[in-house]
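**Student:** Here you go, this is my_file18.txt (compact mmCIF, C-alpha atoms (C1' of nucleotides)).
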```
# COMPACT_ATOMS: atom_id res chain seq x y z
CA MET A 69 218.34 119.63 -1.33
CA LEU A 70 217.61 119.81 -5.07
CA ASP A 71 214.06 118.65 -4.42
CA ALA A 72 213.62 121.47 -1.94
CA ALA A 73 214.95 123.88 -4.57
CA ILE A 74 212.42 122.61 -7.13
CA GLU A 75 209.50 123.16 -4.79
CA LEU A 76 210.66 126.61 -3.81
CA ILE A 77 211.35 127.69 -7.39
CA LEU A 78 207.87 126.58 -8.39
CA GLU A 79 206.37 128.58 -5.56
CA TYR A 80 208.51 131.72 -5.46
CA GLY A 81 210.57 131.74 -8.66
CA THR A 82 214.34 131.69 -8.96
CA GLU A 83 214.94 135.20 -7.72
CA LYS A 84 212.80 135.21 -4.63
CA THR A 85 214.00 131.81 -3.52
CA THR A 86 216.93 132.24 -1.15
CA LEU A 87 219.74 129.85 -0.42
CA ALA A 88 218.75 129.90 3.23
CA MET A 89 215.22 128.81 2.37
CA ILE A 90 216.52 125.90 0.33
CA GLY A 91 218.86 124.70 3.07
CA GLU A 92 216.23 124.96 5.77
CA LYS A 93 213.48 123.37 3.69
CA ALA A 94 215.77 120.41 3.15
CA GLY A 95 216.17 120.10 6.92
CA TYR A 96 219.60 121.66 7.22
CA SER A 97 221.04 125.02 8.17
CA ARG A 98 220.79 128.25 6.21
CA GLY A 99 224.42 128.00 5.12
CA LEU A 100 224.53 124.53 3.63
CA ALA A 101 223.27 125.34 0.15
CA THR A 102 226.00 127.91 -0.31
CA TYR A 103 228.58 125.54 1.14
CA ARG A 104 227.69 122.67 -1.15
CA PHE A 105 227.10 124.51 -4.41
CA GLY A 106 229.37 127.50 -3.97
CA SER A 107 226.80 130.00 -5.12
CA LYS A 108 223.20 130.40 -6.13
CA ALA A 109 224.17 130.11 -9.80
CA GLY A 110 226.13 126.97 -8.95
CA LEU A 111 223.07 125.40 -7.38
CA TYR A 112 220.88 126.30 -10.35
CA ASP A 113 223.52 124.97 -12.71
CA THR A 114 223.60 121.65 -10.87
CA LEU A 115 219.80 121.54 -10.87
CA CYS A 116 219.69 122.35 -14.58
CA LYS A 117 222.14 119.56 -15.35
CA SER A 118 220.27 117.12 -13.14
CA ILE A 119 216.82 117.71 -14.62
CA GLY A 120 218.31 118.08 -18.10
CA ARG A 121 219.89 114.65 -17.79
CA ASN A 122 216.58 113.12 -16.70
CA TRP A 123 214.83 114.79 -19.60
CA LEU A 124 217.31 113.58 -22.19
CA GLU A 125 217.00 110.03 -20.86
CA TYR A 126 213.22 110.27 -20.90
CA LEU A 127 213.39 111.56 -24.46
CA LYS A 128 215.71 108.76 -25.49
CA ARG A 129 213.30 106.15 -24.14
CA GLY A 130 210.40 107.87 -25.93
CA VAL A 131 212.15 107.98 -29.29
CA ASP A 132 213.62 104.52 -28.82
CA GLY A 133 215.73 104.10 -31.92
CA LYS A 134 213.23 105.61 -34.33
CA ILE A 135 214.56 107.73 -37.17
CA GLY A 136 213.33 110.38 -39.57
CA VAL A 137 209.83 111.76 -39.28
CA ASP A 138 208.88 108.96 -36.89
CA ALA A 139 211.57 110.04 -34.44
CA MET A 140 210.52 113.69 -34.69
CA CYS A 141 206.85 112.90 -34.10
CA ALA A 142 207.69 110.52 -31.25
CA ALA A 143 209.84 113.27 -29.71
CA LEU A 144 206.93 115.72 -29.87
CA ASP A 145 204.71 113.17 -28.14
CA THR A 146 207.44 112.62 -25.57
CA VAL A 147 207.67 116.32 -24.79
CA TYR A 148 203.93 116.39 -24.22
CA GLN A 149 204.12 113.26 -22.13
CA TRP A 150 206.89 114.73 -20.04
CA VAL A 151 205.10 117.95 -19.24
CA THR A 152 201.98 116.04 -18.20
CA ASP A 153 203.98 113.34 -16.43
CA SER A 154 206.56 115.42 -14.55
CA PRO A 155 205.18 118.93 -14.74
CA GLU A 156 207.28 120.10 -11.79
CA ASP A 157 210.56 119.06 -13.37
CA ALA A 158 209.51 120.34 -16.77
CA ARG A 159 208.45 123.70 -15.38
CA VAL A 160 211.63 124.18 -13.39
CA LEU A 161 213.85 123.21 -16.30
CA GLN A 162 212.04 125.66 -18.52
CA ILE A 163 212.31 128.39 -15.88
CA LEU A 164 216.04 127.75 -15.59
CA HIS A 165 216.48 127.78 -19.37
CA CYS A 166 214.71 131.12 -19.43
CA GLY A 167 216.87 132.45 -16.64
CA SER A 168 219.99 131.48 -18.51
CA ALA A 169 218.98 133.77 -21.37
CA SER A 170 220.13 136.83 -19.48
CA PRO A 171 223.68 137.99 -20.25
CA GLY A 172 226.22 137.01 -17.65
CA SER A 173 224.16 134.06 -16.53
CA GLU A 174 226.57 131.58 -15.06
CA PHE A 175 224.81 128.47 -16.25
CA GLN A 176 224.13 129.68 -19.76
CA GLU A 177 226.60 127.15 -21.14
CA THR A 178 224.72 124.27 -19.57
CA SER A 179 221.47 125.46 -21.05
CA ILE A 180 222.90 126.10 -24.50
CA GLY A 181 224.51 122.67 -24.40
CA ILE A 182 221.16 120.97 -23.87
CA HIS A 183 219.68 122.85 -26.84
CA ARG A 184 222.64 122.12 -29.07
CA ARG A 185 222.48 118.48 -28.16
CA GLN A 186 218.81 118.41 -29.07
CA GLN A 187 219.40 120.12 -32.39
CA SER A 188 222.17 117.71 -33.33
CA ASP A 189 219.88 114.80 -32.44
CA VAL A 190 217.28 116.16 -34.85
CA VAL A 191 219.89 116.56 -37.56
CA GLU A 192 220.81 112.91 -37.08
CA TRP A 193 217.20 111.78 -37.31
CA VAL A 194 216.63 113.70 -40.51
CA ARG A 195 219.87 112.44 -42.10
CA ALA A 196 219.04 108.86 -41.17
CA GLY A 197 215.56 109.36 -42.61
CA GLN A 198 217.13 110.54 -45.85
CA GLN A 199 219.45 107.57 -46.02
CA HIS A 200 216.48 105.24 -45.60
CA GLY A 201 214.66 106.99 -48.41
CA GLN A 202 211.96 108.13 -46.01
CA ILE A 203 212.75 111.85 -46.18
CA ARG A 204 213.27 113.99 -49.27
CA GLN A 205 216.87 114.72 -50.27
CA ASP A 206 216.30 118.33 -51.22
CA ILE A 207 215.54 119.78 -47.81
CA ASP A 208 217.87 121.97 -45.74
CA VAL A 209 218.59 119.63 -42.83
CA THR A 210 219.94 122.17 -40.36
CA ALA A 211 217.18 124.65 -41.18
CA VAL A 212 214.52 122.05 -40.48
CA ALA A 213 216.28 121.03 -37.28
CA ALA A 214 216.47 124.67 -36.16
CA GLU A 215 212.82 125.15 -36.98
CA TYR A 216 211.92 122.02 -35.06
CA VAL A 217 213.93 122.95 -31.97
CA ALA A 218 212.51 126.48 -32.12
CA TYR A 219 209.03 125.02 -32.10
CA THR A 220 209.67 122.71 -29.15
CA SER A 221 211.38 125.47 -27.14
CA GLY A 222 208.58 127.88 -27.91
CA ILE A 223 205.76 125.50 -27.17
CA THR A 224 207.26 124.55 -23.82
CA TYR A 225 207.69 128.21 -22.98
CA LEU A 226 204.09 129.02 -23.90
CA TRP A 227 202.91 126.03 -21.89
CA LEU A 228 204.91 127.31 -18.92
CA ILE A 229 203.49 130.81 -18.95
CA SER A 230 199.91 129.83 -19.70
CA ALA A 231 199.37 126.16 -19.01
CA ASP A 232 195.65 126.64 -18.43
CA THR A 233 194.62 128.34 -21.66
CA PHE A 234 197.05 126.51 -23.85
CA ASN A 235 196.31 123.40 -25.87
CA PHE A 236 199.69 121.77 -26.15
CA ASP A 237 198.43 118.61 -27.76
CA SER A 238 196.53 120.19 -30.65
CA ALA A 239 199.51 122.38 -31.58
CA ASN A 240 201.58 119.20 -31.60
CA GLN A 241 199.08 117.57 -33.92
CA ALA A 242 199.44 120.48 -36.33
CA MET A 243 203.21 120.19 -36.14
CA LYS A 244 203.21 116.44 -36.72
CA ASN A 245 200.91 116.88 -39.65
CA TYR A 246 203.34 119.42 -41.06
CA LEU A 247 206.36 117.18 -40.61
CA ARG A 248 204.70 114.25 -42.35
CA THR A 249 203.44 116.26 -45.30
CA THR A 250 206.51 118.37 -46.04
CA LEU A 251 209.38 116.02 -45.26
CA SER A 252 208.17 112.67 -46.58
CA VAL A 253 209.21 111.65 -50.08
CA MET B 711 216.60 156.21 -18.27
CA LEU B 712 215.06 153.30 -20.19
CA ASP B 713 217.90 153.54 -22.72
CA ALA B 714 220.40 153.27 -19.90
CA ALA B 715 218.51 150.22 -18.64
CA ILE B 716 218.69 148.60 -22.07
CA GLU B 717 222.44 149.04 -22.30
CA LEU B 718 223.03 147.74 -18.81
CA ILE B 719 220.74 144.73 -19.25
CA LEU B 720 222.59 143.82 -22.44
CA GLU B 721 225.91 144.01 -20.63
CA TYR B 722 225.14 142.59 -17.20
CA GLY B 723 221.73 140.93 -17.44
CA THR B 724 218.62 141.79 -15.48
CA GLU B 725 219.79 140.47 -12.14
CA LYS B 726 223.19 142.02 -11.96
CA THR B 727 221.98 145.38 -13.19
CA THR B 728 221.15 147.55 -10.18
CA LEU B 729 218.73 150.43 -9.94
CA ALA B 730 221.60 152.67 -8.81
CA MET B 731 223.58 151.80 -11.95
CA ILE B 732 220.63 152.68 -14.16
CA GLY B 733 220.03 156.04 -12.47
CA GLU B 734 223.67 157.01 -12.57
CA LYS B 735 224.22 155.84 -16.14
CA ALA B 736 221.33 158.07 -17.17
CA GLY B 737 223.06 161.00 -15.48
CA TYR B 738 220.98 161.11 -12.31
CA SER B 739 221.31 159.94 -8.77
CA ARG B 740 221.27 156.36 -7.52
CA GLY B 741 217.75 156.73 -6.18
CA LEU B 742 215.88 158.06 -9.18
CA ALA B 743 215.12 154.77 -10.85
CA THR B 744 213.40 153.50 -7.71
CA TYR B 745 211.59 156.81 -7.29
CA ARG B 746 210.23 156.88 -10.83
CA PHE B 747 209.32 153.24 -11.30
CA GLY B 748 208.63 152.19 -7.74
CA SER B 749 210.64 149.01 -7.94
CA LYS B 750 212.97 147.04 -10.14
CA ALA B 751 210.05 144.96 -11.40
CA GLY B 752 208.15 148.18 -12.12
CA LEU B 753 211.00 149.48 -14.25
CA TYR B 754 211.27 146.22 -16.16
CA ASP B 755 207.52 146.19 -16.63
CA THR B 756 207.61 149.70 -18.08
CA LEU B 757 210.53 148.74 -20.29
CA CYS B 758 208.74 145.60 -21.44
CA LYS B 759 205.65 147.61 -22.33
CA SER B 760 207.69 150.27 -24.11
CA ILE B 761 209.70 147.90 -26.29
CA GLY B 762 206.66 145.66 -26.74
CA ARG B 763 204.70 148.60 -28.08
CA ASN B 764 207.48 149.47 -30.50
CA TRP B 765 207.63 145.89 -31.63
CA LEU B 766 203.91 145.59 -32.24
CA GLU B 767 203.96 148.82 -34.27
CA TYR B 768 206.93 147.60 -36.25
CA LEU B 769 205.12 144.34 -36.88
CA LYS B 770 201.98 146.15 -37.94
CA ARG B 771 203.91 148.16 -40.51
CA GLY B 772 205.61 144.99 -41.74
CA VAL B 773 202.37 143.08 -42.18
CA ASP B 774 200.57 146.12 -43.54
CA GLY B 775 197.04 144.86 -44.01
CA LYS B 776 198.01 141.51 -45.46
CA ILE B 777 195.95 138.48 -44.48
CA GLY B 778 196.23 134.73 -44.44
CA VAL B 779 199.47 133.03 -45.35
CA ASP B 780 200.84 136.29 -46.75
CA ALA B 781 200.44 137.98 -43.39
CA MET B 782 202.09 135.08 -41.57
CA CYS B 783 205.06 135.01 -43.94
CA ALA B 784 205.40 138.80 -43.83
CA ALA B 785 205.34 138.61 -40.04
CA LEU B 786 208.17 136.07 -40.08
CA ASP B 787 210.19 138.35 -42.32
CA THR B 788 209.39 141.24 -40.01
CA VAL B 789 210.65 139.35 -36.97
CA TYR B 790 213.88 138.67 -38.78
CA GLN B 791 214.10 142.27 -39.91
CA TRP B 792 213.52 143.50 -36.39
CA VAL B 793 216.25 141.39 -34.83
CA THR B 794 218.73 142.53 -37.47
CA ASP B 795 217.48 146.10 -37.40
CA SER B 796 217.09 146.71 -33.66
CA PRO B 797 219.01 143.86 -32.10
CA GLU B 798 219.35 145.67 -28.78
CA ASP B 799 215.64 146.17 -28.34
CA ALA B 800 214.87 142.68 -29.56
CA ARG B 801 217.39 141.09 -27.22
CA VAL B 802 216.18 143.01 -24.21
CA LEU B 803 212.54 142.25 -24.90
CA GLN B 804 213.35 138.59 -25.23
CA ILE B 805 215.37 138.67 -22.01
CA LEU B 806 212.47 140.32 -20.22
CA HIS B 807 209.99 137.80 -21.62
CA CYS B 808 212.22 135.05 -20.34
CA GLY B 809 212.50 136.68 -16.94
CA SER B 810 208.75 136.87 -16.67
CA ALA B 811 208.53 133.10 -16.94
CA SER B 812 209.54 132.66 -13.33
CA PRO B 813 206.66 132.30 -10.85
CA GLY B 814 205.92 135.44 -8.90
CA SER B 815 207.34 137.63 -11.62
CA GLU B 816 205.63 140.96 -11.32
CA PHE B 817 205.44 141.74 -15.01
CA GLN B 818 204.32 138.32 -16.11
CA GLU B 819 200.94 139.73 -17.09
CA THR B 820 202.51 142.24 -19.46
CA SER B 821 204.54 139.54 -21.13
CA ILE B 822 201.64 137.11 -21.41
CA GLY B 823 199.52 139.91 -22.82
CA ILE B 824 201.96 140.51 -25.67
CA HIS B 825 201.94 136.81 -26.53
CA ARG B 826 198.17 136.57 -26.35
CA ARG B 827 197.83 139.60 -28.55
CA GLN B 828 200.15 138.04 -31.09
CA GLN B 829 198.26 134.78 -31.05
CA SER B 830 194.92 136.49 -31.56
CA ASP B 831 196.43 138.44 -34.48
CA VAL B 832 197.45 135.17 -36.09
CA VAL B 833 193.99 133.72 -35.53
CA GLU B 834 192.55 136.76 -37.31
CA TRP B 835 194.93 136.38 -40.25
CA VAL B 836 194.05 132.73 -40.67
CA ARG B 837 190.28 133.35 -40.42
CA ALA B 838 190.49 136.18 -42.94
CA GLY B 839 192.50 133.90 -45.21
CA GLN B 840 189.77 131.29 -44.96
CA GLN B 841 187.07 133.83 -45.77
CA HIS B 842 188.98 134.84 -48.86
CA GLY B 843 189.26 131.24 -49.94
CA GLN B 844 193.03 131.39 -49.64
CA ILE B 845 193.31 129.01 -46.69
CA ARG B 846 191.72 125.60 -46.31
CA GLN B 847 188.56 125.40 -44.20
CA ASP B 848 189.44 122.14 -42.46
CA ILE B 849 192.38 123.34 -40.36
CA ASP B 850 192.35 123.91 -36.61
CA VAL B 851 192.82 127.68 -36.52
CA THR B 852 193.86 128.06 -32.89
CA ALA B 853 196.20 125.07 -33.11
CA VAL B 854 197.95 126.57 -36.11
CA ALA B 855 198.14 129.93 -34.37
CA ALA B 856 199.62 128.31 -31.26
CA GLU B 857 202.11 126.43 -33.37
CA TYR B 858 203.05 129.62 -35.18
CA VAL B 859 203.51 131.68 -32.02
CA ALA B 860 205.48 128.82 -30.46
CA TYR B 861 207.78 128.86 -33.45
CA THR B 862 208.35 132.62 -33.34
CA SER B 863 208.91 132.62 -29.57
CA GLY B 864 211.29 129.71 -29.84
CA ILE B 865 213.25 131.04 -32.75
CA THR B 866 213.76 134.39 -31.07
CA TYR B 867 214.88 132.64 -27.93
CA LEU B 868 217.38 130.48 -29.82
CA TRP B 869 218.62 133.53 -31.65
CA LEU B 870 219.12 135.27 -28.32
CA ILE B 871 221.16 132.52 -26.72
CA SER B 872 223.24 131.67 -29.76
CA ALA B 873 223.07 134.47 -32.29
CA ASP B 874 226.41 133.53 -33.82
CA THR B 875 225.83 129.89 -34.68
CA PHE B 876 222.20 130.27 -35.53
CA ASN B 877 220.78 130.78 -38.99
CA PHE B 878 217.56 132.60 -38.33
CA ASP B 879 216.77 133.25 -41.94
CA SER B 880 217.02 129.70 -43.23
CA ALA B 881 214.79 128.40 -40.44
CA ASN B 882 212.30 131.08 -41.46
CA GLN B 883 212.46 129.88 -45.06
CA ALA B 884 211.60 126.38 -43.91
CA MET B 885 208.71 127.73 -41.87
CA LYS B 886 207.36 129.85 -44.73
CA ASN B 887 207.60 126.89 -47.04
CA TYR B 888 205.62 124.89 -44.53
CA LEU B 889 202.90 127.53 -44.17
CA ARG B 890 202.42 127.82 -47.92
CA THR B 891 202.24 124.09 -48.56
CA THR B 892 200.02 123.02 -45.68
CA LEU B 893 197.60 125.92 -45.32
CA SER B 894 196.88 126.92 -48.91
CA VAL B 895 193.78 125.49 -50.57
C1' DA C 1330 204.16 183.11 -1.64
C1' DA C 1331 202.74 178.59 -1.85
C1' DG C 1332 202.36 174.60 -3.72
C1' DA C 1333 203.68 171.13 -7.10
C1' DT C 1334 207.25 168.64 -9.51
C1' DA C 1335 211.68 166.48 -10.05
C1' DC C 1336 215.26 164.75 -8.00
C1' DT C 1337 218.70 163.45 -3.99
C1' DT C 1338 220.37 161.60 0.27
C1' DG C 1339 220.13 158.83 4.51
C1' DC C 1340 218.66 154.73 6.26
C1' DT C 1341 217.02 149.82 7.02
C1' DG C 1342 216.25 144.98 6.28
C1' DT C 1343 217.53 141.22 3.44
C1' DC C 1344 220.45 138.44 0.94
C1' DA C 1345 224.67 136.09 -1.20
C1' DA C 1346 229.00 135.02 -0.16
C1' DC C 1347 232.71 134.05 2.72
C1' DA C 1348 235.35 132.49 6.74
C1' DA C 1349 235.96 130.53 10.94
C1' DG C 1350 234.50 127.11 13.68
C1' DC C 1351 232.89 122.42 15.57
C1' DA C 1352 231.67 117.55 15.94
C1' DA C 1353 232.01 113.07 14.25
C1' DG C 1354 234.41 110.23 11.73
C1' DT C 1355 238.81 107.78 9.35
C1' DG C 1356 243.11 105.99 9.44
C1' DA C 1357 247.88 105.63 10.48
C1' DT C 1358 251.49 105.11 14.23
C1' DT C 1359 253.35 103.22 18.23
C1' DA D 922 244.16 100.18 22.31
C1' DA D 923 245.41 104.72 22.76
C1' DT D 924 246.96 108.87 20.67
C1' DC D 925 247.47 112.07 16.94
C1' DA D 926 246.80 114.07 12.20
C1' DC D 927 243.57 114.88 9.06
C1' DT D 928 238.97 114.87 6.47
C1' DT D 929 234.03 115.46 5.96
C1' DG D 930 229.71 117.52 6.73
C1' DC D 931 227.56 120.99 8.58
C1' DT D 932 226.66 125.49 11.38
C1' DT D 933 227.21 130.19 12.81
C1' DG D 934 229.21 135.02 12.61
C1' DT D 935 230.10 138.59 9.56
C1' DT D 936 230.50 141.72 5.57
C1' DG D 937 229.28 144.22 1.56
C1' DA D 938 225.80 145.08 -1.80
C1' DC D 939 221.33 146.00 -3.03
C1' DA D 940 216.12 147.16 -3.11
C1' DG D 941 213.06 149.88 -1.19
C1' DC D 942 211.47 153.65 1.67
C1' DA D 943 211.16 158.18 3.91
C1' DA D 944 212.56 162.55 4.57
C1' DG D 945 214.71 165.89 2.57
C1' DT D 946 216.15 170.00 -1.15
C1' DA D 947 215.89 172.59 -5.27
C1' DT D 948 213.51 174.26 -9.27
C1' DC D 949 209.52 175.46 -11.66
C1' DT D 950 204.56 177.13 -11.90
C1' DT D 951 200.84 180.18 -10.99
```
If you took the structure in this file and wrote it as structure tokens, what would it be?

**Tutor:**
Amino acid sequence: MLDAAIELILEYGTEKTTLAMIGEKAGYSRGLATYRFGSKAGLYDTLCKSIGRNWLEYLKRGVDGKIGVDAMCAALDTVYQWVTDSPEDARVLQILHCGSASPGSEFQETSIGIHRRQQSDVVEWVRAGQQHGQIRQDIDVTAVAAEYVAYTSGITYLWLISADTFNFDSANQAMKNYLRTTLSV
Amino acid sequence: MLDAAIELILEYGTEKTTLAMIGEKAGYSRGLATYRFGSKAGLYDTLCKSIGRNWLEYLKRGVDGKIGVDAMCAALDTVYQWVTDSPEDARVLQILHCGSASPGSEFQETSIGIHRRQQSDVVEWVRAGQQHGQIRQDIDVTAVAAEYVAYTSGITYLWLISADTFNFDSANQAMKNYLRTTLSV
DNA sequence: AAGATACTTGCTGTCAACAAGCAAGTGATT
DNA sequence: AATCACTTGCTTGTTGACAGCAAGTATCTT
């Protein structure tokens, strides 16, 4: 059922996809999606959690215990790898994150949680880098983390809306270059 | 009518706001919004263009003929100034940009256009900075511009979804620091 | 007067959401 | 092993809300 939702969202967007379409595409009746997930927002929330979980696991494997600047650069590579590797999942997650920006969105909390989690991960990486003497002591850790998360959110968004004309990898190179030069001791 | 739309979008979001609500809030009948703008997407497109135009003018005034790193830093300050100065407009524009991310969105072009315009502005600033010997010759101009636009998109998005816990200004400081140290000759 | 402009009202098809149903189990009781 | 009580998984009927359209009415213009 969630797979059917992914395909339909990619084709028609979240608004024009109907619960009946999702149920029927998955080989069931028009009513099942509503029955299982309670509401359209409920389905999207479940989908957001599901893909979000996959993404965080994928990220974890990509970073693999690294700390400091190494972790941040590895994470950037992992984002790029994810969007080339599982573009459908990445696109849908980004679309859902965007949708949750609207006031009254019922899965806003889920989306915010994923971002907060990512930001706190970055804070940890930077702190660990400082403790290992790899990263300068005088930087504002949360500001750098916010900046970093802003960049990754923004780049994924830009990739989503203009995948064809957008060179994800070269922007990442610029960002990695920045991280190495400004954070290292 | 557009003002009414802004207020309602801020309170209920784009989906739960109805055309009838907009018309009636503006002191007209339930049908006028449809009549004037053709469709809900048409209204949001008009609104996106209207606020987008304001924003680009505001930005132009803020940058005021500066070039190179100065222009980029001034633009960052201007973004911050805008979201503190006209938070309603900024929030709604961001919400609309997010909404346009979904496939089949009928004002996607408008939204992409604003981003493209911003990116080409940045490219111009950087090139001018290079010509004036202020910015290094060996940097990848479009990559830096993409990185910069990604950052501004991302930071505005994060501000939108968590304005309370988010320190916009300090992230901007980190970004400005970065621009000065890595781009200057 | 005759059209144009600005707005309203009536209507239709579509959709989310809900509720009532049904069929195929599962498991306890005698 | 046969019956009964109950659950699970799914379908179908229905309702209210909304977008969009078409046919109006009123006000202004010339």

**Student:** Which one of A:Gly99, A:Asp132, A:Ser173, A:His165 sits closest to DA1348 of chain C if you count all atoms listed in the file?

**Tutor:** A:Gly99

**Student:** Under the rule of at most 9 Å, produce a per-residue listing of chain D near chain A: chain, number, name, the closest pair of atoms, and the distance in Å, as JSON lines, using only C-alpha atoms (C1' of nucleotides).

**Tutor:**
```
{"residue": "D:DC931", "atom": "C1'", "partner": "A:Leu100", "partner_atom": "CA", "distance": 6.8}
{"residue": "D:DT932", "atom": "C1'", "partner": "A:Ser97", "partner_atom": "CA", "distance": 6.5}
{"residue": "D:DT933", "atom": "C1'", "partner": "A:Gly99", "partner_atom": "CA", "distance": 8.5}
```

**Student:** Tell me which protein, DNA and RNA residues are within 12 Å of Arg129 of chain A, counting all atoms listed in the file, leaving out same-chain ones fewer than 2 positions away, and put them as a list in words.

**Tutor:**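 Everything that qualifies: Asn122, Trp123, Leu124, Glu125, Tyr126, Leu127, Val131, Asp132, Gly133, Lys134, Ala139, Ala142, Ala143, Asp145, Thr146, Val147, Gln149 and Trp150 of chain A.
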
**Student:** Given only C-alpha atoms, how would the per-residue table for chain A near chain B read, listing every residue at most 6 Å away with its closest atom pair and distance in Å to one decimal, sorted by chain and number, as CSV?

**Tutor:**
```
residue,atom,partner,partner_atom,distance
A:Tyr80,CA,B:Gly814,CA,5.7
A:Gly81,CA,B:Pro813,CA,4.5
A:Ile163,CA,B:Ser812,CA,5.7
A:Cys166,CA,B:Cys808,CA,4.7
A:Ala169,CA,B:Ile871,CA,5.9
A:Ser170,CA,B:Gly723,CA,4.9
A:Pro171,CA,B:Gly723,CA,4.5
A:Gly172,CA,B:Tyr722,CA,5.7
A:Ala211,CA,B:Ala881,CA,4.5
A:Ala214,CA,B:Ala881,CA,5.9
A:Glu215,CA,B:Ala881,CA,5.1
A:Ala218,CA,B:Gly864,CA,4.1
A:Tyr219,CA,B:Tyr861,CA,4.3
A:Ser221,CA,B:Gly864,CA,5.0
A:Gly222,CA,B:Gly864,CA,3.8
A:Ile223,CA,B:Ala860,CA,4.7
A:Ile229,CA,B:Ala811,CA,5.9
A:Ser238,CA,B:Ala853,CA,5.5
A:Ala239,CA,B:Ala853,CA,4.5
```

**Student:** Tell me which of A:Ile119, A:Met140, A:Ala88, A:Ile74 sits closest to chain C, counting all atoms listed in the file.

**Tutor:**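 Selected residue with least distance to chain C: A:Ala88.
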
**Student:** Atom C1' of DT1337 of chain C to atom C1' of DT951 of chain D: how many Å, to one decimal?

**Tutor:** 25.5 Å

**Student:** Show me, as an MDAnalysis selection string, the residues that have an atom within 12 Å of DT948 of chain D when counting all atoms listed in the file, minus same-chain residues fewer than 3 positions from it.

**Tutor:** chainID C and resid 1333:1336

**Student:** For atom CA of Val191 of chain A and atom CA of Tyr112 of chain A, determine how far apart the two atoms are, in Å to one decimal place.

**Tutor:** 28.9 Å

**Student:** Find the distance between atom CA of Leu712 of chain B and atom CA of Val793 of chain B and write it in Å to one decimal.

**Tutor:**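 So the answer is 18.9 Å.
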
**Student:** Hey, can you pull every residue with an atom no more than 10 Å from (231.6, 138.2, 9.1), using all atoms listed in the file, and send it as a list of chain:residue names?

**Tutor:**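 The residues that fall inside the cut-off are C:DC1347, C:DA1348, C:DA1349, D:DT933, D:DG934, D:DT935, D:DT936, D:DG937.
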
**Student:** Quick one: residues within 12 Å of DT1343 of chain C, all atoms listed in the file, excluding same-chain residues fewer than 5 positions away - as a list in words?

**Tutor:** Lys84, Thr86 and Ala88 of chain A; DA938, DC939, DA940 and DG941 of chain D
